[in-house]
Each structure stands twice: as structure tokens, then as C-alpha cells.
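Okay, upload_5.txt is below, compact mmCIF, C-alpha atoms and all ligand atoms:
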```
# COMPACT_ATOMS: atom_id res chain seq x y z
CA THR H 1 163.54 118.47 120.16
CA ARG H 2 161.75 117.49 116.99
CA THR H 3 161.73 119.50 113.77
CA THR H 4 161.16 119.01 110.06
CA VAL H 5 164.62 119.96 108.80
CA GLY H 6 167.72 119.75 111.00
CA ILE H 7 170.60 121.80 109.62
CA VAL H 8 174.14 121.22 110.83
CA GLY H 9 176.22 124.32 110.10
CA GLY H 10 175.25 127.97 110.39
CA GLY H 11 177.50 129.42 107.70
CA PRO H 12 176.01 131.11 104.64
CA ALA H 13 174.67 127.84 103.16
CA GLY H 14 172.92 126.60 106.33
CA LEU H 15 171.48 130.00 107.17
CA LEU H 16 170.20 130.65 103.65
CA LEU H 17 168.43 127.29 103.63
CA SER H 18 166.95 128.00 107.06
CA HIS H 19 165.74 131.40 105.84
CA LEU H 20 164.11 130.00 102.69
CA LEU H 21 162.44 127.13 104.58
CA SER H 22 161.05 129.41 107.29
CA GLN H 23 159.58 131.68 104.63
CA GLN H 24 157.55 128.70 103.42
CA GLY H 25 156.55 127.85 106.98
CA ILE H 26 158.80 124.76 107.07
CA GLU H 27 160.13 124.23 110.58
CA ASN H 28 163.88 123.96 110.95
CA VAL H 29 166.67 124.18 113.49
CA VAL H 30 170.28 125.20 112.79
CA LEU H 31 173.14 123.92 114.96
CA GLU H 32 176.44 125.79 114.62
CA LYS H 33 179.63 124.96 116.48
CA ARG H 34 181.21 128.41 116.45
CA ASP H 35 179.90 131.63 117.99
CA HIS H 36 178.53 134.50 115.91
CA GLU H 37 181.60 136.73 116.49
CA THR H 38 184.06 134.12 115.25
CA ILE H 39 182.22 133.54 111.98
CA ALA H 40 181.64 137.27 111.43
CA ASN H 41 185.41 137.80 111.74
CA THR H 42 186.59 134.91 109.60
CA HIS H 43 187.73 136.47 106.34
CA ARG H 44 186.96 134.50 103.23
CA ALA H 45 186.25 135.23 99.61
CA GLY H 46 184.33 138.14 98.24
CA ILE H 47 182.81 137.61 94.81
CA LEU H 48 179.07 136.97 94.38
CA GLU H 49 177.45 135.95 91.13
CA GLN H 50 174.39 137.99 90.20
CA GLN H 51 172.24 134.93 91.00
CA ALA H 52 173.67 134.75 94.52
CA VAL H 53 172.90 138.44 95.05
CA THR H 54 169.35 137.85 93.84
CA MET H 55 168.89 134.99 96.30
CA LEU H 56 169.70 137.44 99.11
CA THR H 57 167.74 140.46 97.94
CA GLU H 58 164.64 138.91 96.38
CA THR H 59 163.98 136.70 99.41
CA GLY H 60 164.19 139.63 101.82
CA VAL H 61 167.46 138.78 103.56
CA ASP H 62 168.81 142.30 103.27
CA GLY H 63 169.58 144.97 100.71
CA ARG H 64 172.98 145.74 102.25
CA VAL H 65 174.65 143.71 99.52
CA LEU H 66 173.27 146.28 97.06
CA THR H 67 174.30 149.36 99.01
CA GLU H 68 177.61 148.13 100.45
CA GLY H 69 178.54 145.69 97.71
CA ASP H 70 180.53 146.88 94.73
CA GLU H 71 179.38 145.87 91.26
CA HIS H 72 182.31 144.73 89.12
CA SER H 73 182.02 144.66 85.37
CA GLY H 74 185.22 142.73 84.74
CA ILE H 75 188.53 141.34 85.91
CA ASN H 76 192.10 141.75 84.73
CA LEU H 77 194.28 138.85 83.74
CA ARG H 78 197.91 139.94 84.08
CA PHE H 79 200.81 137.98 82.60
CA ASN H 80 204.16 138.83 81.04
CA GLY H 81 203.74 142.10 82.94
CA GLU H 82 200.70 143.18 80.92
CA SER H 83 197.07 143.53 82.00
CA HIS H 84 194.17 142.24 79.89
CA LEU H 85 190.70 143.44 80.86
CA LEU H 86 187.74 141.09 80.43
CA ASP H 87 184.62 143.24 80.10
CA PHE H 88 181.78 141.04 81.39
CA PRO H 89 178.76 143.13 80.27
CA ASP H 90 180.19 143.31 76.74
CA LEU H 91 181.15 139.63 76.67
CA VAL H 92 178.26 137.89 78.41
CA ASP H 93 175.86 140.63 79.53
CA ALA H 94 176.56 140.02 83.22
CA THR H 95 178.41 141.47 86.19
CA VAL H 96 179.51 140.21 89.63
CA THR H 97 179.35 141.87 93.03
CA LEU H 98 182.24 142.22 95.43
CA TYR H 99 180.81 141.71 98.91
CA ALA H 100 182.74 139.86 101.60
CA GLN H 101 181.46 136.42 102.55
CA ASN H 102 181.56 137.26 106.27
CA GLU H 103 179.18 140.16 105.53
CA VAL H 104 176.85 137.71 103.79
CA PHE H 105 176.91 135.69 107.00
CA VAL H 106 176.21 138.80 109.13
CA ASP H 107 173.19 139.70 106.95
CA LEU H 108 171.77 136.17 106.98
CA ALA H 109 172.27 135.82 110.73
CA ALA H 110 170.53 139.17 111.31
CA ALA H 111 167.62 138.14 109.07
CA ARG H 112 167.22 134.84 110.94
CA LYS H 113 167.19 136.70 114.23
CA ARG H 114 164.71 139.28 112.93
CA ASP H 115 162.37 136.53 111.69
CA GLY H 116 162.60 134.42 114.85
CA GLY H 117 164.69 131.64 113.29
CA ASP H 118 165.97 128.86 115.56
CA VAL H 119 169.74 129.19 115.09
CA ARG H 120 171.81 127.78 117.94
CA TYR H 121 175.41 128.90 118.03
CA GLU H 122 178.11 127.11 120.04
CA CYS H 123 176.32 123.80 119.69
CA GLU H 124 178.75 121.03 118.90
CA VAL H 125 177.39 118.00 117.07
CA VAL H 126 178.95 114.77 118.34
CA ASP H 127 176.79 112.19 116.56
CA VAL H 128 174.50 111.86 113.54
CA LEU H 129 172.52 108.60 113.49
CA ASP H 130 169.61 106.71 111.97
CA LEU H 131 170.36 108.40 108.65
CA LYS H 132 168.64 105.67 106.64
CA THR H 133 165.41 105.94 108.63
CA ASP H 134 162.59 108.49 108.42
CA THR H 135 163.86 110.11 111.60
CA PRO H 136 167.53 110.97 111.37
CA LYS H 137 168.90 112.15 114.68
CA VAL H 138 171.61 114.56 115.79
CA ARG H 139 173.27 114.52 119.19
CA PHE H 140 174.96 117.69 120.36
CA HIS H 141 176.34 119.63 123.29
CA ASP H 142 175.16 123.17 123.92
CA LEU H 143 178.37 124.97 124.88
CA SER H 144 176.85 128.47 124.89
CA ALA H 145 176.58 130.57 128.03
CA GLY H 146 172.99 129.47 128.69
CA GLY H 147 173.57 125.77 127.97
CA ASP H 148 174.61 122.85 130.11
CA PRO H 149 177.78 121.51 128.45
CA ASN H 150 177.49 118.13 130.16
CA GLN H 151 174.02 117.39 128.92
CA LEU H 152 173.81 115.53 125.64
CA GLN H 153 170.89 116.89 123.63
CA GLU H 154 169.01 115.33 120.75
CA LEU H 155 167.43 116.79 117.65
CA LEU H 156 165.09 114.56 115.65
CA CYS H 157 164.08 115.55 112.14
CA ASP H 158 162.56 114.29 108.88
CA ILE H 159 165.44 115.58 106.82
CA LEU H 160 168.95 116.29 107.97
CA VAL H 161 171.19 118.70 106.08
CA GLY H 162 174.97 118.75 106.50
CA ALA H 163 176.08 122.27 105.62
CA ASP H 164 179.00 122.18 108.03
CA GLY H 165 181.88 123.19 105.82
CA SER H 166 184.89 121.50 104.27
CA ARG H 167 185.77 119.52 107.39
CA SER H 168 182.13 118.43 107.65
CA PHE H 169 181.31 116.25 110.65
CA CYS H 170 178.21 115.00 108.79
CA ARG H 171 180.17 113.85 105.77
CA ARG H 172 182.82 112.11 107.81
CA ALA H 173 180.21 110.35 109.93
CA VAL H 174 179.32 108.18 106.92
CA GLY H 175 181.40 105.01 107.08
CA GLU H 176 183.82 103.78 104.42
CA ALA H 177 181.63 100.83 103.50
CA GLU H 178 178.58 102.93 102.63
CA GLY H 179 179.08 102.98 98.88
CA HIS H 180 180.03 106.60 98.34
CA ARG H 181 183.11 107.92 96.57
CA ASP H 182 185.42 110.81 97.33
CA PHE H 183 187.28 112.52 94.50
CA LYS H 184 190.17 114.82 95.35
CA ILE H 185 193.41 116.42 94.34
CA GLU H 186 195.88 118.38 96.43
CA TYR H 187 197.90 121.35 95.22
CA PRO H 188 201.53 121.95 96.23
CA PHE H 189 200.79 125.56 97.19
CA ALA H 190 198.55 127.75 99.34
CA TRP H 191 197.46 131.39 99.42
CA PHE H 192 198.84 134.00 101.77
CA GLY H 193 195.90 136.38 102.34
CA ILE H 194 196.10 139.89 103.75
CA LEU H 195 193.82 142.77 104.61
CA THR H 196 195.38 146.20 104.38
CA GLY H 197 194.32 149.75 105.11
CA ALA H 198 195.11 151.17 101.70
CA PRO H 199 193.30 152.72 98.74
CA LYS H 200 192.45 150.61 95.68
CA SER H 201 195.42 149.86 93.47
CA PHE H 202 193.26 149.43 90.36
CA PRO H 203 189.53 149.68 89.58
CA GLU H 204 189.09 145.94 88.86
CA LEU H 205 190.48 142.78 90.45
CA ILE H 206 193.81 141.61 89.08
CA TYR H 207 194.62 137.92 88.68
CA ALA H 208 198.38 137.83 88.02
CA ASN H 209 200.54 135.03 86.68
CA SER H 210 204.23 135.79 87.22
CA PRO H 211 207.55 133.92 87.33
CA HIS H 212 207.42 134.43 91.11
CA GLY H 213 203.96 132.85 91.39
CA PHE H 214 200.33 133.91 91.39
CA ALA H 215 198.91 137.03 93.03
CA LEU H 216 195.33 138.30 93.34
CA ILE H 217 194.72 141.98 93.98
CA SER H 218 191.20 142.22 95.36
CA GLN H 219 189.34 144.85 97.35
CA ARG H 220 187.00 145.37 100.26
CA SER H 221 186.22 149.10 100.19
CA GLU H 222 187.73 152.48 99.30
CA THR H 223 190.01 152.19 102.35
CA VAL H 224 190.49 148.44 102.88
CA GLN H 225 191.97 146.03 100.33
CA ARG H 226 192.24 142.24 100.15
CA MET H 227 195.22 140.62 98.44
CA TYR H 228 196.63 137.13 98.15
CA PHE H 229 199.82 135.58 96.87
CA GLN H 230 200.70 131.98 96.17
CA CYS H 231 202.91 130.56 98.92
CA ASP H 232 204.15 127.31 100.37
CA PRO H 233 201.44 125.49 102.40
CA GLY H 234 203.84 125.37 105.37
CA GLU H 235 204.42 129.15 105.37
CA ASN H 236 204.22 130.83 108.79
CA VAL H 237 202.59 134.28 108.83
CA ASP H 238 204.93 135.40 111.63
CA ASP H 239 207.89 135.15 109.24
CA TRP H 240 206.36 137.82 107.05
CA SER H 241 206.84 141.50 107.92
CA ASP H 242 204.73 144.08 106.09
CA ASP H 243 207.77 145.07 104.01
CA ARG H 244 208.44 141.53 102.98
CA ILE H 245 204.79 140.99 101.98
CA TRP H 246 204.65 144.19 99.91
CA SER H 247 207.85 143.40 98.06
CA GLU H 248 206.62 139.87 97.30
CA LEU H 249 203.26 141.15 96.02
CA GLN H 250 204.87 143.92 93.97
CA LYS H 251 207.27 141.48 92.29
CA ARG H 252 204.30 139.50 91.06
CA VAL H 253 202.59 142.45 89.37
CA ASP H 254 205.71 144.22 88.08
CA GLY H 255 205.73 145.01 84.38
CA PRO H 256 206.88 147.43 81.73
CA ASP H 257 203.76 149.52 82.34
CA GLY H 258 205.25 150.44 85.75
CA PHE H 259 202.16 149.30 87.68
CA GLN H 260 202.61 149.95 91.41
CA LEU H 261 200.51 148.59 94.26
CA LYS H 262 199.19 151.15 96.74
CA THR H 263 200.41 150.00 100.13
CA GLY H 264 199.25 150.50 103.71
CA PRO H 265 199.40 148.82 107.11
CA ILE H 266 198.55 145.11 107.04
CA PHE H 267 196.12 144.10 109.76
CA ASP H 268 195.22 140.50 108.93
CA LYS H 269 197.43 137.69 107.61
CA THR H 270 196.33 134.10 106.98
CA VAL H 271 197.67 131.12 105.07
CA LEU H 272 194.80 129.39 103.27
CA GLY H 273 195.44 125.83 102.14
CA PHE H 274 193.29 124.48 99.37
CA ARG H 275 192.32 121.43 97.40
CA SER H 276 189.67 120.14 95.04
CA PHE H 277 187.22 117.70 96.60
CA VAL H 278 183.85 116.11 95.76
CA ARG H 279 181.76 113.58 97.72
CA GLU H 280 179.42 111.49 95.57
CA PRO H 281 176.55 111.16 96.06
CA MET H 282 175.78 114.31 98.04
CA ARG H 283 173.34 112.37 100.18
CA HIS H 284 173.25 109.48 102.55
CA GLY H 285 169.76 108.19 103.33
CA ASN H 286 167.85 111.18 104.62
CA MET H 287 170.96 113.27 105.19
CA PHE H 288 171.80 115.72 102.40
CA LEU H 289 175.17 117.46 102.08
CA ALA H 290 175.40 121.00 100.71
CA GLY H 291 178.15 123.53 100.04
CA ASP H 292 181.71 122.92 101.21
CA ALA H 293 180.57 119.87 103.19
CA ALA H 294 180.01 118.10 99.87
CA HIS H 295 182.67 119.75 97.73
CA THR H 296 185.55 122.17 98.00
CA VAL H 297 186.97 124.18 95.12
CA PRO H 298 190.28 126.05 95.04
CA PRO H 299 189.60 129.78 95.46
CA THR H 300 190.95 130.98 92.11
CA GLY H 301 187.59 131.06 90.34
CA ALA H 302 185.68 132.61 93.28
CA LYS H 303 183.13 129.79 93.06
CA GLY H 304 182.89 128.42 96.65
CA LEU H 305 180.04 130.44 98.12
CA ASN H 306 178.26 130.71 94.78
CA LEU H 307 178.28 126.95 94.40
CA ALA H 308 176.96 126.52 97.93
CA PHE H 309 174.05 128.86 97.17
CA ALA H 310 173.30 126.93 93.97
CA ASP H 311 173.13 123.68 96.02
CA ILE H 312 170.80 125.37 98.49
CA LYS H 313 168.45 126.46 95.75
CA VAL H 314 168.12 122.91 94.43
CA LEU H 315 167.83 121.41 97.92
CA PHE H 316 165.31 123.99 99.12
CA GLU H 317 163.03 123.32 96.15
CA ALA H 318 163.33 119.57 96.74
CA ILE H 319 162.48 119.84 100.45
CA GLU H 320 159.60 122.19 99.73
CA SER H 321 158.20 119.77 97.17
CA TYR H 322 158.52 116.88 99.63
CA VAL H 323 156.83 118.76 102.46
CA SER H 324 153.97 120.01 100.29
CA THR H 325 153.31 116.88 98.19
CA GLY H 326 154.94 113.98 100.06
CA SER H 327 156.88 113.09 96.90
CA LYS H 328 160.59 112.41 97.28
CA ASP H 329 161.30 112.69 93.54
CA LEU H 330 163.17 115.99 93.75
CA LEU H 331 165.05 114.90 96.86
CA ASP H 332 166.11 111.77 95.00
CA ALA H 333 167.30 113.93 92.10
CA TYR H 334 169.12 116.46 94.33
CA SER H 335 172.57 114.93 94.18
CA ASP H 336 172.62 114.38 90.41
CA THR H 337 171.20 117.83 89.73
CA ALA H 338 173.66 119.60 92.03
CA LEU H 339 176.67 117.56 90.87
CA LYS H 340 176.34 118.77 87.28
CA ARG H 341 177.12 122.30 88.39
CA VAL H 342 179.67 121.09 90.96
CA TRP H 343 181.80 119.46 88.28
CA LYS H 344 181.55 122.49 86.02
CA ALA H 345 182.81 124.62 88.91
CA GLN H 346 185.51 122.06 89.71
CA ASN H 347 186.69 122.21 86.14
CA PHE H 348 186.68 126.02 86.04
CA SER H 349 188.45 126.39 89.40
CA TYR H 350 191.08 123.80 88.50
CA TRP H 351 191.62 125.44 85.13
CA MET H 352 192.00 128.96 86.56
CA THR H 353 194.30 127.63 89.28
CA SER H 354 196.61 125.72 86.97
CA MET H 355 196.70 128.46 84.34
CA LEU H 356 197.61 131.20 86.83
CA HIS H 357 199.88 129.50 89.38
CA THR H 358 203.47 128.38 88.95
CA ARG H 359 205.10 125.28 90.39
CA GLN H 360 208.63 125.47 91.66
CA ASP H 361 209.32 121.99 90.35
CA ALA H 362 207.66 122.66 86.99
CA ASN H 363 209.27 121.78 83.73
CA PRO H 364 209.79 125.21 82.09
CA PHE H 365 207.71 123.88 79.20
CA GLU H 366 204.69 123.87 81.53
CA THR H 367 205.30 127.49 82.53
CA LYS H 368 205.46 128.59 78.89
CA ARG H 369 202.45 126.46 77.98
CA ALA H 370 200.35 128.24 80.65
CA LEU H 371 201.36 131.58 79.13
CA GLY H 372 200.25 130.23 75.76
CA GLU H 373 196.90 129.38 77.32
CA LEU H 374 196.52 132.87 78.80
CA GLU H 375 197.38 134.35 75.40
CA THR H 376 194.80 132.09 73.74
CA VAL H 377 192.07 133.13 76.16
CA THR H 378 192.77 136.86 76.17
CA SER H 379 193.41 137.28 72.43
CA SER H 380 190.09 135.74 71.39
CA ARG H 381 186.56 136.94 72.04
CA TYR H 382 185.44 133.30 72.30
CA GLY H 383 188.18 132.62 74.86
CA GLN H 384 187.23 135.67 76.89
CA GLN H 385 183.57 134.69 76.74
CA TYR H 386 184.31 131.16 77.95
CA LEU H 387 186.05 132.55 81.03
CA ALA H 388 183.51 135.32 81.59
CA GLU H 389 180.52 132.96 81.35
CA SER H 390 182.00 130.66 83.99
CA TYR H 391 183.15 133.47 86.26
CA THR H 392 179.80 135.26 86.28
CA GLY H 393 177.98 131.94 86.75
CA TRP H 394 175.99 129.46 84.66
CA PRO H 395 172.21 129.71 85.00
CA HIS H 396 170.84 127.99 88.10
CA ALA H 397 169.14 124.63 87.57
C1 LIG L 1 188.43 137.16 96.41
C2 LIG L 1 188.78 135.83 96.58
C3 LIG L 1 188.86 134.99 95.50
O1 LIG L 1 189.20 133.69 95.64
C4 LIG L 1 188.62 135.47 94.21
O2 LIG L 1 188.73 134.63 93.16
C5 LIG L 1 188.27 136.80 94.05
C6 LIG L 1 188.17 137.64 95.15
C7 LIG L 1 188.35 138.07 97.59
O3 LIG L 1 188.54 137.61 98.72
O4 LIG L 1 188.10 139.26 97.40
```
Rendering of file as C-alpha cells:
Amino acid sequence: TRTTVGIVGGGPAGLLLSHLLSQQGIENVVLEKRDHETIANTHRAGILEQQAVTMLTETGVDGRVLTEGDEHSGINLRFNGESHLLDFPDLVDATVTLYAQNEVFVDLAAARKRDGGDVRYECEVVDVLDLKTDTPKVRFHDLSAGGDPNQLQELLCDILVGADGSRSFCRRAVGEAEGHRDFKIEYPFAWFGILTGAPKSFPELIYANSPHGFALISQRSETVQRMYFQCDPGENVDDWSDDRIWSELQKRVDGPDGFQLKTGPIFDKTVLGFRSFVREPMRHGNMFLAGDAAHTVPPTGAKGLNLAFADIKVLFEAIESYVSTGSKDLLDAYSDTALKRVWKAQNFSYWMTSMLHTRQDANPFETKRALGELETVTSSRYGQQYLAESYTGWPHA
């Protein structure tokens, strides 16, 4: 098969790019390893910047994000047992929308199907080659019910996009000696994430720093809630009964105000490891990396999906310019343009993570210093605005 843009990865980033390209009549094919059901049921983050919402609604993906999504006008920072509300409209004239990432995928996948997009699920890429030529090539196996798993298939394209997530095959296919650089740090903790059938505990999200570690009280609907607590990366979900989880979460939000979580049955438990990672440049020849394939942020600032969408906007405009004018100027600028925002998001996510989490091995000075930082941010309008501006999202390039 031959196409203009080959896209490896059918998550939100790959599908949004495919959608935007098809709307401009630019041929593209998406290859995705997993099946639709698996992605639709993989629970991830849930906060969309206004700009990400606009990219879905104004390009005709679907309006479900507006009807099912929940507009949030702030978050709570909780420390020393006290909550501090950051009011985003007052601070920076912006809001965010709580809408689960797997629902974003469902909407994009439905829009691609509706519009006749060529999205091939259960296709496993085993090779990407000729990246420095004008015809990069992908080899893959079609493992879906209609495919022949033994037959190696080939997709030839003008431009190849690796939007295949944090363990990106595309990124790792580029050899050590190719002149790129990887930047990364690991964190000595992970998040234990749950879904529970319970009412909301509080109108806004709560990001809690406590002597027992971080907790995030998020939401999904009136009847389903999403919560996380900092845990050891080696934690096994089977060691955690509902009772044990609730008492751990409650400890982390306890305070003199008597705040109590509203509990319910827990029906999903996952340990989510995380790190900070950036590949520079975000391109190799005619292969361009986007989203988690190029960079991963820790989840504390809710930036992952939003950053991926920002990459896609820059990359889409660059591809469109190339296809319509033959000029590669914007494609050549893609990596530098996208990386400016990437490093801002890396800084914000690192900052939120280190300010809100605790380390078992920490010098107590560090623990007190972080509380000083939280006090600085919450007691000053400038401090609140700095956080609110980053959380709601810097203007797209
Ligand atoms: C959610 C996840 C995040 O990492 C975050 O910062 C806010 C919300 C969520 O899953 O709801």
C-alpha cells in the first residue's frame, strides 16, 4: 500500500492527526497494534485544556465532550490538612474540562469510522525503514480477524508519523549512533489508580500533599469517581483490599476541617509508573514523533494528552503546508517549535510532582521546604496565576 502520511499508533494523537489530514483531503493510513475494545477500556487521565476541547469540537470530531464533559473552574491544593481553591476564571480567565481520555479515543475512532478513515487495528509494526529517503516504509502484520498473520505487509508513505505511545516502536527503531539525545529522570514512586462507584467527594479536584504521600481526588461522573495515591512502583494491586485503599486515601486528605471521602465499591485498580522523558529532535529523516512517543510527562500536571494534541496541531500544519506548497520549511521547524512547549510542560509536571509528593528517604528539610513552596503559591495571587496559567494551558504555537 502507498499513502501520503503513514501513522503508527491509533491513540488520541494518531487519530486526531488522521482526522485533520483527511479533512484537508490528505491521504493517510493509521496502524494500531491493539484492538478498539482494549484502548476504549484503558483508563488514563481526564483533564482537557480548553484548546484541546476546541480541537475536537471545531473540527467536527464530536460534541460529546461538551455534553458529557464537566467544565471545571478550578482545583484545590490541599496541604497541612487545609484546602486552597485556585479559581481559574478569576485568575487567568480560563477553565478546563474533565473528560476521560478513553472517551476522547472513542469519539475520535467513531469520527474516523464515520468519515471513512483508514484505521487498521491489531496491526503490529515490526519494522520502519528508509527513514532518510523520500519513501519511508513500514512493515507490519495484520493480526485482526480478517488478516493473514503470516503475511508481512508493507506501507509506503511520503511522511511517517510515530504516534505510538511512550514505549514507541518508531522511536526505538532509531539507532544509538543517529545523533539524537534522550533526556530522562525516574521517580522513586508510582500512582495507585482506582475507579469507584461513589458520589463526588468535593466539587473540584483535590491535589493533596500529606505526610503519608500524595493523593489526587478526581472524578468521572455523578456516580463514578477516579482517585490516585502515591505508592511504591513495585506495589501489587492484589495486596490492596477496598478497605485498605479507602483508609490510605482518607489518611492523605485528613485535616482539622474533618473532610471525609465518599466511598463506594472499587471496580478498577492499576499501578501507573511514571517518568519524565524527552527525545530530541522529535524527528528522524522523514519520520516525525508526536505525543508520548517523543516525550512522557509525569501525570501530576494533567499535561500528557494536551501536549500530544499541541504536537499534532504543529505537525498537521507542517504536513499540510508541505503537501500544498512542496516546501519543507514547517516540517523542518516542527521539532524546535514543539519542543518549546514540551519543555514548559516538563518543567510544570516536574514541579507539581516534586511539590506534592513525599519521598520516604527525604531529608525532613525537603518535606518542610515543599510545604513552604505550597504556601508561597497559594498565598499569592501571582503564585496562583503561575500555576493556573500552566494548568489551563499556554496558547498553542
Ligand atoms: C486525572 C489525572 C491526572 O493526572 C490529573 O492531573 C488530573 C485528573 C484524572 O484521571 O481524572
For Gly117 in chain H, the nearest of the candidates H:Glu178, H:Glu27, H:Glu204, H:Asp164, counting all atoms listed in the file: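 Using all atoms listed in the file, the shortest distance to Gly117 in chain H belongs to H:Glu27.
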For chain H against ligand LIG 1 (chain L), with a cut-off of 6 Å and counting only C-alpha atoms and all ligand atoms, what is the closest atom pair and its distance in Å to one decimal for every residue that makes the cut, ordered by chain and number, as JSON lines?
```
{"residue": "H:Arg44", "atom": "CA", "partner": "L:LIG1", "partner_atom": "O3", "distance": 5.7}
{"residue": "H:Ala45", "atom": "CA", "partner": "L:LIG1", "partner_atom": "O3", "distance": 3.4}
{"residue": "H:Gly46", "atom": "CA", "partner": "L:LIG1", "partner_atom": "O4", "distance": 4.0}
{"residue": "H:Ile47", "atom": "CA", "partner": "L:LIG1", "partner_atom": "C6", "distance": 5.4}
{"residue": "H:Ser218", "atom": "CA", "partner": "L:LIG1", "partner_atom": "O4", "distance": 4.7}
{"residue": "H:Gln219", "atom": "CA", "partner": "L:LIG1", "partner_atom": "O4", "distance": 5.7}
{"residue": "H:Arg226", "atom": "CA", "partner": "L:LIG1", "partner_atom": "O4", "distance": 5.8}
{"residue": "H:Pro299", "atom": "CA", "partner": "L:LIG1", "partner_atom": "O1", "distance": 3.9}
{"residue": "H:Thr300", "atom": "CA", "partner": "L:LIG1", "partner_atom": "O2", "distance": 4.4}
{"residue": "H:Gly301", "atom": "CA", "partner": "L:LIG1", "partner_atom": "O2", "distance": 4.7}
{"residue": "H:Ala302", "atom": "CA", "partner": "L:LIG1", "partner_atom": "O2", "distance": 3.7}
```
I'd like to know which of H:Tyr99, H:Phe169, H:Phe79, H:Trp246 is closest to Lys33 in chain H, using all atoms listed in the file.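 Counting all atoms listed in the file, the residue closest to Lys33 in chain H is H:Phe169.
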Select from range 181-233 of chain H every residue with an atom at most 8 Å from any atom of range 278-286 of chain H, then for each give the shortest pair of atoms and their distance in Å to one decimal, using only C-alpha atoms, rows by chain and rising number, as CSV.
```
residue,atom,partner,partner_atom,distance
H:Arg181,CA,H:Glu280,CA,5.2
H:Asp182,CA,H:Arg279,CA,4.6
H:Phe183,CA,H:Val278,CA,5.1
H:Lys184,CA,H:Val278,CA,6.5
```
Between CA of Leu216 in chain H and CA of Phe229 in chain H, measure the distance and give it in Å to one decimal.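 Rounded to one decimal, the two atoms are 6.3 Å apart.
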Which residues of range 330-374 of chain H sit at most 9 Å from range 308-322 of chain H, using all atoms listed in the file? Give each one's shortest atom pair and distance in Å (one decimal place), in chain and ascending residue order, as JSON lines.
```
{"residue": "H:Leu330", "atom": "CA", "partner": "H:Ala318", "partner_atom": "CA", "distance": 4.7}
{"residue": "H:Leu331", "atom": "CA", "partner": "H:Ala318", "partner_atom": "CA", "distance": 5.0}
{"residue": "H:Asp332", "atom": "CA", "partner": "H:Ala318", "partner_atom": "CA", "distance": 8.5}
{"residue": "H:Ala333", "atom": "CA", "partner": "H:Ala318", "partner_atom": "CA", "distance": 8.3}
{"residue": "H:Tyr334", "atom": "CA", "partner": "H:Leu315", "partner_atom": "CA", "distance": 6.2}
{"residue": "H:Ser335", "atom": "CA", "partner": "H:Leu315", "partner_atom": "CA", "distance": 8.9}
{"residue": "H:Thr337", "atom": "CA", "partner": "H:Val314", "partner_atom": "CA", "distance": 7.6}
{"residue": "H:Ala338", "atom": "CA", "partner": "H:Asp311", "partner_atom": "CA", "distance": 5.7}
{"residue": "H:Leu339", "atom": "CA", "partner": "H:Asp311", "partner_atom": "CA", "distance": 8.7}
{"residue": "H:Arg341", "atom": "CA", "partner": "H:Ala310", "partner_atom": "CA", "distance": 8.2}
{"residue": "H:Val342", "atom": "CA", "partner": "H:Asp311", "partner_atom": "CA", "distance": 8.7}
```
Pick the closest to Asp158 in chain H from H:Gln230, H:Asn347, H:Thr3, H:Gln250: which is it, counting only C-alpha atoms?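 So, comparing all the options, the nearest one is H:Thr3.
Near Asn306 in chain H, within 10 Å and counting only C-alpha atoms, sit Ala13, Ile47, Leu48, Glu49, Gln50, Gln51, Ala52, Val53, Gly291, Ile312, Ala345, Thr392 and Gly393 of chain H; same-chain residues fewer than 6 positions away were not included.
With all atoms listed in the file as the atoms that count, the residue of H:Phe88, H:Asn363, H:Gly9, H:Asp115 with the shortest distance to Gln23 in chain H is H:Asp115.
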Do you have the CA of Thr42 in chain H-CA of Asn102 in chain H distance handy?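 According to the coordinates, CA of Thr42 in chain H and CA of Asn102 in chain H are separated by 6.5 Å.
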What does the structure give for the distance between CA of Asp257 in chain H and CA of Ala94 in chain H, in Å to one decimal? 28.8 Å
Radius query 8 Å about (201.3, 132.2, 105.7), atoms used: all atoms listed in the file, as a VMD selection string: chain H and resid 191 to 193 231 to 238 240 269 to 272
One residue among H:Glu154, H:Glu82, H:Asp118, H:Glu222 is nearest to Ser18 in chain H when using all atoms listed in the file, and that residue is H:Asp118
Rank H:Ala40, H:Ala215, H:Leu17, H:Met355 by their smallest atom-to-atom distance to Gly162 in chain H, using all atoms listed in the file, and report the top residue only.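 Smallest distance to Gly162 in chain H is found for H:Leu17.
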